[in-house]
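A.B. asks: What follows is a single structure, and I will ask about it in a moment.
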Amino acid sequence: MILDSIEQFGRYAGLNPRFAAVAEFLRTHDLATMPSGTHHIQGDDLFVNIQDAPAKTREQARFETHRRMIDIQIPVSGDEEHGWCPAELLPQAEYDEAADISLYDPVAPGTNPSLATTYFTLRRGQFAIYFPSDGHAPAVTPTGLRKAIFKVKA
């Protein structure tokens, strides 16, 4: 996981061949004025989802992991709290190959109620990068928020 300010995103361009295109997209587009939905940048290898996330508590937040894609999460309209946990500490969960996601039910029997080893606030003007080894529970917010999630082929 990486957490930093959007102005510093270019420093991470060497971590993935598509990160330079994300940096260029951030320089040339206003995420706040983009319509909700999926916007393809490089086909299915790089796209951004603009979404309105509802209010959610830590207890309601579901951890997720991805196998093929890296998430770059950016709050647009406000701050959000995220939970983080190494993926190997999460219990077994079904993998949806088409959606490239495993979701972990926080109230499933036998699930540790405090899986997150770290909670942090992701503020407007910042981003978080989640790799396949990162379990994450994003969008914990009392009011909901608009956010951008870049999906980058790992």
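How things are named: the first chain in the structure tokens is A, the next is B, and so on; residues count from 1 in each chain; ligands count from 1 in the order shown.
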List the spatial neighbours of Gln126 of chain A as JSON, numbers by chain - criterion: any atom at most 6 Å away, only C-alpha atoms, same-chain residues fewer than 3 positions off excluded.

C.D. replies: {"A": [4, 5, 6, 123]}

A.B. asks: Can you pull out the residues contacting Ala61 of chain A? Cut-off 8 Å, using only C-alpha atoms, and skip same-chain residues under 2 positions away; I want them as an MDAnalysis selection string.

C.D. replies: chainID A and resid 56:59 63 106 137:140

A.B. asks: Determine which residues of chain A receive a DSSP assignment of strand (DSSP E), computed from the backbone, and state them as an mmCIF file with N, CA and C atoms, in the first residue's frame.

C.D. replies:
```cif
data_model
loop_
_atom_site.group_PDB
_atom_site.id
_atom_site.type_symbol
_atom_site.label_atom_id
_atom_site.label_comp_id
_atom_site.auth_asym_id
_atom_site.auth_seq_id
_atom_site.Cartn_x
_atom_site.Cartn_y
_atom_site.Cartn_z
ATOM 1 N N ILE A 2 0.438 2.247 -0.725
ATOM 2 C CA ILE A 2 1.119 3.539 -0.758
ATOM 3 C C ILE A 2 0.070 4.611 -0.491
ATOM 4 N N LEU A 3 0.413 5.585 0.317
ATOM 5 C CA LEU A 3 -0.436 6.736 0.614
ATOM 6 C C LEU A 3 0.401 7.981 0.400
ATOM 7 N N ASP A 4 -0.115 8.917 -0.411
ATOM 8 C CA ASP A 4 0.645 10.142 -0.684
ATOM 9 C C ASP A 4 -0.307 11.191 -1.250
ATOM 10 N N SER A 5 0.219 12.390 -1.522
ATOM 11 C CA SER A 5 -0.581 13.450 -2.125
ATOM 12 C C SER A 5 -0.561 13.301 -3.645
ATOM 13 N N GLY A 37 -19.543 6.613 -13.391
ATOM 14 C CA GLY A 37 -19.420 5.490 -14.307
ATOM 15 C C GLY A 37 -17.975 5.176 -14.624
ATOM 16 N N THR A 38 -17.802 4.249 -15.559
ATOM 17 C CA THR A 38 -16.479 3.775 -15.960
ATOM 18 C C THR A 38 -15.988 4.553 -17.171
ATOM 19 N N HIS A 39 -14.750 5.007 -17.095
ATOM 20 C CA HIS A 39 -14.107 5.756 -18.171
ATOM 21 C C HIS A 39 -12.821 5.008 -18.549
ATOM 22 N N HIS A 40 -12.807 4.402 -19.728
ATOM 23 C CA HIS A 40 -11.652 3.622 -20.166
ATOM 24 C C HIS A 40 -10.543 4.546 -20.652
ATOM 25 N N ILE A 41 -9.340 4.262 -20.211
ATOM 26 C CA ILE A 41 -8.165 5.041 -20.598
ATOM 27 C C ILE A 41 -7.293 4.212 -21.538
ATOM 28 N N GLN A 42 -7.043 2.961 -21.168
ATOM 29 C CA GLN A 42 -6.319 2.000 -22.009
ATOM 30 C C GLN A 42 -7.094 0.676 -21.990
ATOM 31 N N LEU A 46 -6.544 -0.275 -18.053
ATOM 32 C CA LEU A 46 -6.500 0.945 -17.252
ATOM 33 C C LEU A 46 -7.794 1.721 -17.470
ATOM 34 N N PHE A 47 -8.540 1.902 -16.388
ATOM 35 C CA PHE A 47 -9.766 2.687 -16.452
ATOM 36 C C PHE A 47 -10.019 3.292 -15.085
ATOM 37 N N VAL A 48 -10.948 4.248 -15.049
ATOM 38 C CA VAL A 48 -11.300 4.877 -13.780
ATOM 39 C C VAL A 48 -12.806 4.767 -13.589
ATOM 40 N N ASN A 49 -13.193 4.411 -12.388
ATOM 41 C CA ASN A 49 -14.597 4.393 -11.984
ATOM 42 C C ASN A 49 -14.846 5.617 -11.116
ATOM 43 N N ILE A 50 -15.786 6.436 -11.537
ATOM 44 C CA ILE A 50 -16.226 7.569 -10.718
ATOM 45 C C ILE A 50 -17.522 7.124 -10.053
ATOM 46 N N GLN A 51 -17.551 7.166 -8.732
ATOM 47 C CA GLN A 51 -18.726 6.653 -8.031
ATOM 48 C C GLN A 51 -19.070 7.489 -6.811
ATOM 49 N N ASP A 52 -20.323 7.385 -6.435
ATOM 50 C CA ASP A 52 -20.815 8.013 -5.220
ATOM 51 C C ASP A 52 -20.993 6.914 -4.188
ATOM 52 N N ALA A 53 -20.115 6.922 -3.202
ATOM 53 C CA ALA A 53 -20.131 5.894 -2.160
ATOM 54 C C ALA A 53 -21.073 6.335 -1.043
ATOM 55 N N PHE A 63 -13.889 -5.835 3.649
ATOM 56 C CA PHE A 63 -12.563 -5.906 3.052
ATOM 57 C C PHE A 63 -12.681 -6.503 1.665
ATOM 58 N N GLU A 64 -11.775 -6.087 0.791
ATOM 59 C CA GLU A 64 -11.729 -6.613 -0.563
ATOM 60 C C GLU A 64 -10.277 -6.798 -0.973
ATOM 61 N N THR A 65 -10.064 -7.711 -1.904
ATOM 62 C CA THR A 65 -8.768 -7.892 -2.545
ATOM 63 C C THR A 65 -9.006 -8.120 -4.028
ATOM 64 N N MET A 69 -5.779 -6.638 -10.754
ATOM 65 C CA MET A 69 -5.757 -5.185 -10.854
ATOM 66 C C MET A 69 -5.236 -4.534 -9.575
ATOM 67 N N ILE A 70 -4.653 -3.362 -9.755
ATOM 68 C CA ILE A 70 -4.224 -2.490 -8.671
ATOM 69 C C ILE A 70 -5.286 -1.398 -8.548
ATOM 70 N N ASP A 71 -5.668 -1.062 -7.338
ATOM 71 C CA ASP A 71 -6.591 0.050 -7.095
ATOM 72 C C ASP A 71 -5.796 1.299 -6.745
ATOM 73 N N ILE A 72 -6.171 2.421 -7.365
ATOM 74 C CA ILE A 72 -5.698 3.728 -6.933
ATOM 75 C C ILE A 72 -6.956 4.491 -6.544
ATOM 76 N N GLN A 73 -7.124 4.723 -5.253
ATOM 77 C CA GLN A 73 -8.348 5.328 -4.751
ATOM 78 C C GLN A 73 -8.097 6.787 -4.384
ATOM 79 N N ILE A 74 -9.015 7.649 -4.861
ATOM 80 C CA ILE A 74 -8.877 9.089 -4.656
ATOM 81 C C ILE A 74 -10.229 9.662 -4.229
ATOM 82 N N PRO A 75 -10.331 10.217 -3.022
ATOM 83 C CA PRO A 75 -11.579 10.879 -2.637
ATOM 84 C C PRO A 75 -11.706 12.210 -3.377
ATOM 85 N N GLU A 80 -12.319 10.162 3.566
ATOM 86 C CA GLU A 80 -12.852 8.838 3.874
ATOM 87 C C GLU A 80 -11.828 8.068 4.684
ATOM 88 N N GLU A 81 -12.313 7.198 5.525
ATOM 89 C CA GLU A 81 -11.431 6.335 6.289
ATOM 90 C C GLU A 81 -11.288 5.017 5.541
ATOM 91 N N HIS A 82 -10.090 4.429 5.600
ATOM 92 C CA HIS A 82 -9.817 3.125 4.998
ATOM 93 C C HIS A 82 -9.240 2.209 6.059
ATOM 94 N N GLY A 83 -9.621 0.945 5.979
ATOM 95 C CA GLY A 83 -8.959 -0.086 6.753
ATOM 96 C C GLY A 83 -7.978 -0.801 5.839
ATOM 97 N N TRP A 84 -6.876 -1.253 6.375
ATOM 98 C CA TRP A 84 -5.877 -1.995 5.606
ATOM 99 C C TRP A 84 -5.461 -3.229 6.392
ATOM 100 N N CYS A 85 -5.191 -4.298 5.663
ATOM 101 C CA CYS A 85 -4.761 -5.558 6.268
ATOM 102 C C CYS A 85 -3.989 -6.338 5.204
ATOM 103 N N PRO A 86 -2.888 -6.985 5.562
ATOM 104 C CA PRO A 86 -2.236 -7.849 4.579
ATOM 105 C C PRO A 86 -3.223 -8.920 4.106
ATOM 106 N N TYR A 95 -13.771 -15.909 -4.860
ATOM 107 C CA TYR A 95 -13.194 -14.961 -5.815
ATOM 108 C C TYR A 95 -14.103 -14.867 -7.025
ATOM 109 N N ASP A 96 -14.517 -13.651 -7.383
ATOM 110 C CA ASP A 96 -15.318 -13.391 -8.571
ATOM 111 C C ASP A 96 -14.337 -13.006 -9.680
ATOM 112 N N ILE A 101 -12.539 -9.649 -7.870
ATOM 113 C CA ILE A 101 -12.678 -9.211 -6.486
ATOM 114 C C ILE A 101 -13.041 -10.382 -5.582
ATOM 115 N N SER A 102 -12.470 -10.358 -4.407
ATOM 116 C CA SER A 102 -12.921 -11.179 -3.288
ATOM 117 C C SER A 102 -13.414 -10.208 -2.228
ATOM 118 N N LEU A 103 -14.606 -10.460 -1.713
ATOM 119 C CA LEU A 103 -15.173 -9.635 -0.654
ATOM 120 C C LEU A 103 -15.235 -10.455 0.623
ATOM 121 N N TYR A 104 -14.879 -9.835 1.713
ATOM 122 C CA TYR A 104 -14.808 -10.513 3.005
ATOM 123 C C TYR A 104 -15.873 -9.921 3.906
ATOM 124 N N THR A 118 -4.421 -1.415 10.309
ATOM 125 C CA THR A 118 -4.245 0.027 10.195
ATOM 126 C C THR A 118 -5.546 0.653 9.707
ATOM 127 N N TYR A 119 -5.955 1.731 10.336
ATOM 128 C CA TYR A 119 -7.021 2.593 9.818
ATOM 129 C C TYR A 119 -6.394 3.959 9.601
ATOM 130 N N PHE A 120 -6.767 4.602 8.521
ATOM 131 C CA PHE A 120 -6.247 5.936 8.251
ATOM 132 C C PHE A 120 -7.296 6.724 7.493
ATOM 133 N N THR A 121 -7.159 8.044 7.536
ATOM 134 C CA THR A 121 -8.048 8.921 6.799
ATOM 135 C C THR A 121 -7.375 9.324 5.500
ATOM 136 N N LEU A 122 -8.047 9.028 4.396
ATOM 137 C CA LEU A 122 -7.597 9.443 3.069
ATOM 138 C C LEU A 122 -8.326 10.753 2.770
ATOM 139 N N GLN A 126 -5.293 13.479 -1.778
ATOM 140 C CA GLN A 126 -4.412 12.337 -1.544
ATOM 141 C C GLN A 126 -4.899 11.141 -2.354
ATOM 142 N N PHE A 127 -4.057 10.119 -2.421
ATOM 143 C CA PHE A 127 -4.432 8.858 -3.058
ATOM 144 C C PHE A 127 -3.875 7.709 -2.232
ATOM 145 N N ALA A 128 -4.485 6.541 -2.419
ATOM 146 C CA ALA A 128 -3.966 5.297 -1.846
ATOM 147 C C ALA A 128 -3.860 4.296 -2.984
ATOM 148 N N ILE A 129 -2.737 3.597 -3.039
ATOM 149 C CA ILE A 129 -2.545 2.531 -4.026
ATOM 150 C C ILE A 129 -2.597 1.206 -3.279
ATOM 151 N N TYR A 130 -3.468 0.317 -3.760
ATOM 152 C CA TYR A 130 -3.585 -1.022 -3.189
ATOM 153 C C TYR A 130 -3.168 -2.041 -4.236
ATOM 154 N N ASP A 134 -2.689 -6.352 -0.804
ATOM 155 C CA ASP A 134 -3.297 -5.452 0.174
ATOM 156 C C ASP A 134 -4.796 -5.679 0.292
ATOM 157 N N GLY A 135 -5.238 -6.111 1.463
ATOM 158 C CA GLY A 135 -6.666 -6.113 1.756
ATOM 159 C C GLY A 135 -7.051 -4.703 2.166
ATOM 160 N N HIS A 136 -8.190 -4.230 1.699
ATOM 161 C CA HIS A 136 -8.588 -2.867 2.029
ATOM 162 C C HIS A 136 -10.102 -2.768 2.187
ATOM 163 N N ALA A 137 -10.498 -1.904 3.108
ATOM 164 C CA ALA A 137 -11.905 -1.626 3.390
ATOM 165 C C ALA A 137 -12.089 -0.122 3.241
ATOM 166 N N PRO A 138 -12.399 0.338 2.021
ATOM 167 C CA PRO A 138 -12.461 1.772 1.760
ATOM 168 C C PRO A 138 -13.826 2.390 2.043
ATOM 169 N N ALA A 139 -13.864 3.712 1.902
ATOM 170 C CA ALA A 139 -15.097 4.500 1.904
ATOM 171 C C ALA A 139 -15.862 4.441 3.218
ATOM 172 N N VAL A 140 -15.150 4.427 4.338
ATOM 173 C CA VAL A 140 -15.806 4.558 5.634
ATOM 174 C C VAL A 140 -16.008 6.059 5.852
ATOM 175 N N LEU A 145 -19.549 9.946 -0.055
ATOM 176 C CA LEU A 145 -18.676 10.827 -0.803
ATOM 177 C C LEU A 145 -18.558 10.381 -2.250
ATOM 178 N N ARG A 146 -18.091 11.286 -3.083
ATOM 179 C CA ARG A 146 -17.762 10.989 -4.479
ATOM 180 C C ARG A 146 -16.283 10.650 -4.509
ATOM 181 N N LYS A 147 -15.958 9.614 -5.285
ATOM 182 C CA LYS A 147 -14.565 9.186 -5.334
ATOM 183 C C LYS A 147 -14.222 8.644 -6.708
ATOM 184 N N ALA A 148 -12.932 8.548 -6.956
ATOM 185 C CA ALA A 148 -12.414 7.963 -8.198
ATOM 186 C C ALA A 148 -11.583 6.756 -7.816
ATOM 187 N N ILE A 149 -11.793 5.658 -8.551
ATOM 188 C CA ILE A 149 -10.986 4.450 -8.348
ATOM 189 C C ILE A 149 -10.393 4.072 -9.699
ATOM 190 N N PHE A 150 -9.093 4.280 -9.815
ATOM 191 C CA PHE A 150 -8.392 3.822 -11.011
ATOM 192 C C PHE A 150 -8.112 2.344 -10.859
ATOM 193 N N LYS A 151 -8.385 1.587 -11.886
ATOM 194 C CA LYS A 151 -8.099 0.155 -11.928
ATOM 195 C C LYS A 151 -6.975 -0.033 -12.949
ATOM 196 N N VAL A 152 -5.847 -0.567 -12.480
ATOM 197 C CA VAL A 152 -4.641 -0.685 -13.284
ATOM 198 C C VAL A 152 -4.207 -2.142 -13.312
ATOM 199 N N LYS A 153 -4.010 -2.697 -14.504
ATOM 200 C CA LYS A 153 -3.572 -4.080 -14.604
ATOM 201 C C LYS A 153 -2.226 -4.234 -13.908
#
```

A.B. asks: Restricting the calculation to only C-alpha atoms, which member of A:Phe131, A:Thr28, A:Ala21, A:Gly144 is positioned closest to Pro54 of chain A?

C.D. replies: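 Smallest distance to Pro54 of chain A is found for A:Gly144.
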
A.B. asks: Which of these, A:His29, A:Asp44, A:Ala55, A:Ala154, has the shortest distance to Leu15 of chain A once you count only C-alpha atoms?

C.D. replies: A:Ala154

A.B. asks: Among segment 3-151 of chain A, which ones does DSSP place in alpha helix (DSSP H), written as a ChimeraX atom specification?

C.D. replies: /A:19-28

A.B. asks: Keeping C-alpha atoms for every residue in the selection just given, could you write it to a file as a short mmCIF file (atom, residue, chain, number, x, y, z; two decimals), in the first residue's frame?

C.D. replies:
```cif
data_model
loop_
_atom_site.label_atom_id
_atom_site.label_comp_id
_atom_site.auth_asym_id
_atom_site.auth_seq_id
_atom_site.Cartn_x
_atom_site.Cartn_y
_atom_site.Cartn_z
CA PHE A 19 1.10 4.61 -13.83
CA ALA A 20 2.49 7.30 -16.18
CA ALA A 21 -0.86 7.30 -18.01
CA VAL A 22 -2.65 7.71 -14.67
CA ALA A 23 -0.42 10.70 -13.86
CA GLU A 24 -1.19 12.24 -17.27
CA PHE A 25 -4.94 11.63 -16.79
CA LEU A 26 -4.81 13.34 -13.39
CA ARG A 27 -3.02 16.34 -14.96
CA THR A 28 -5.54 16.69 -17.80
#
```

A.B. asks: For atom CA of Glu94 of chain A and atom CA of Pro132 of chain A, quote the distance in Å rounded to one decimal.

C.D. replies: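 Value for the atom CA of Glu94 of chain A-atom CA of Pro132 of chain A distance: 15.2 Å.
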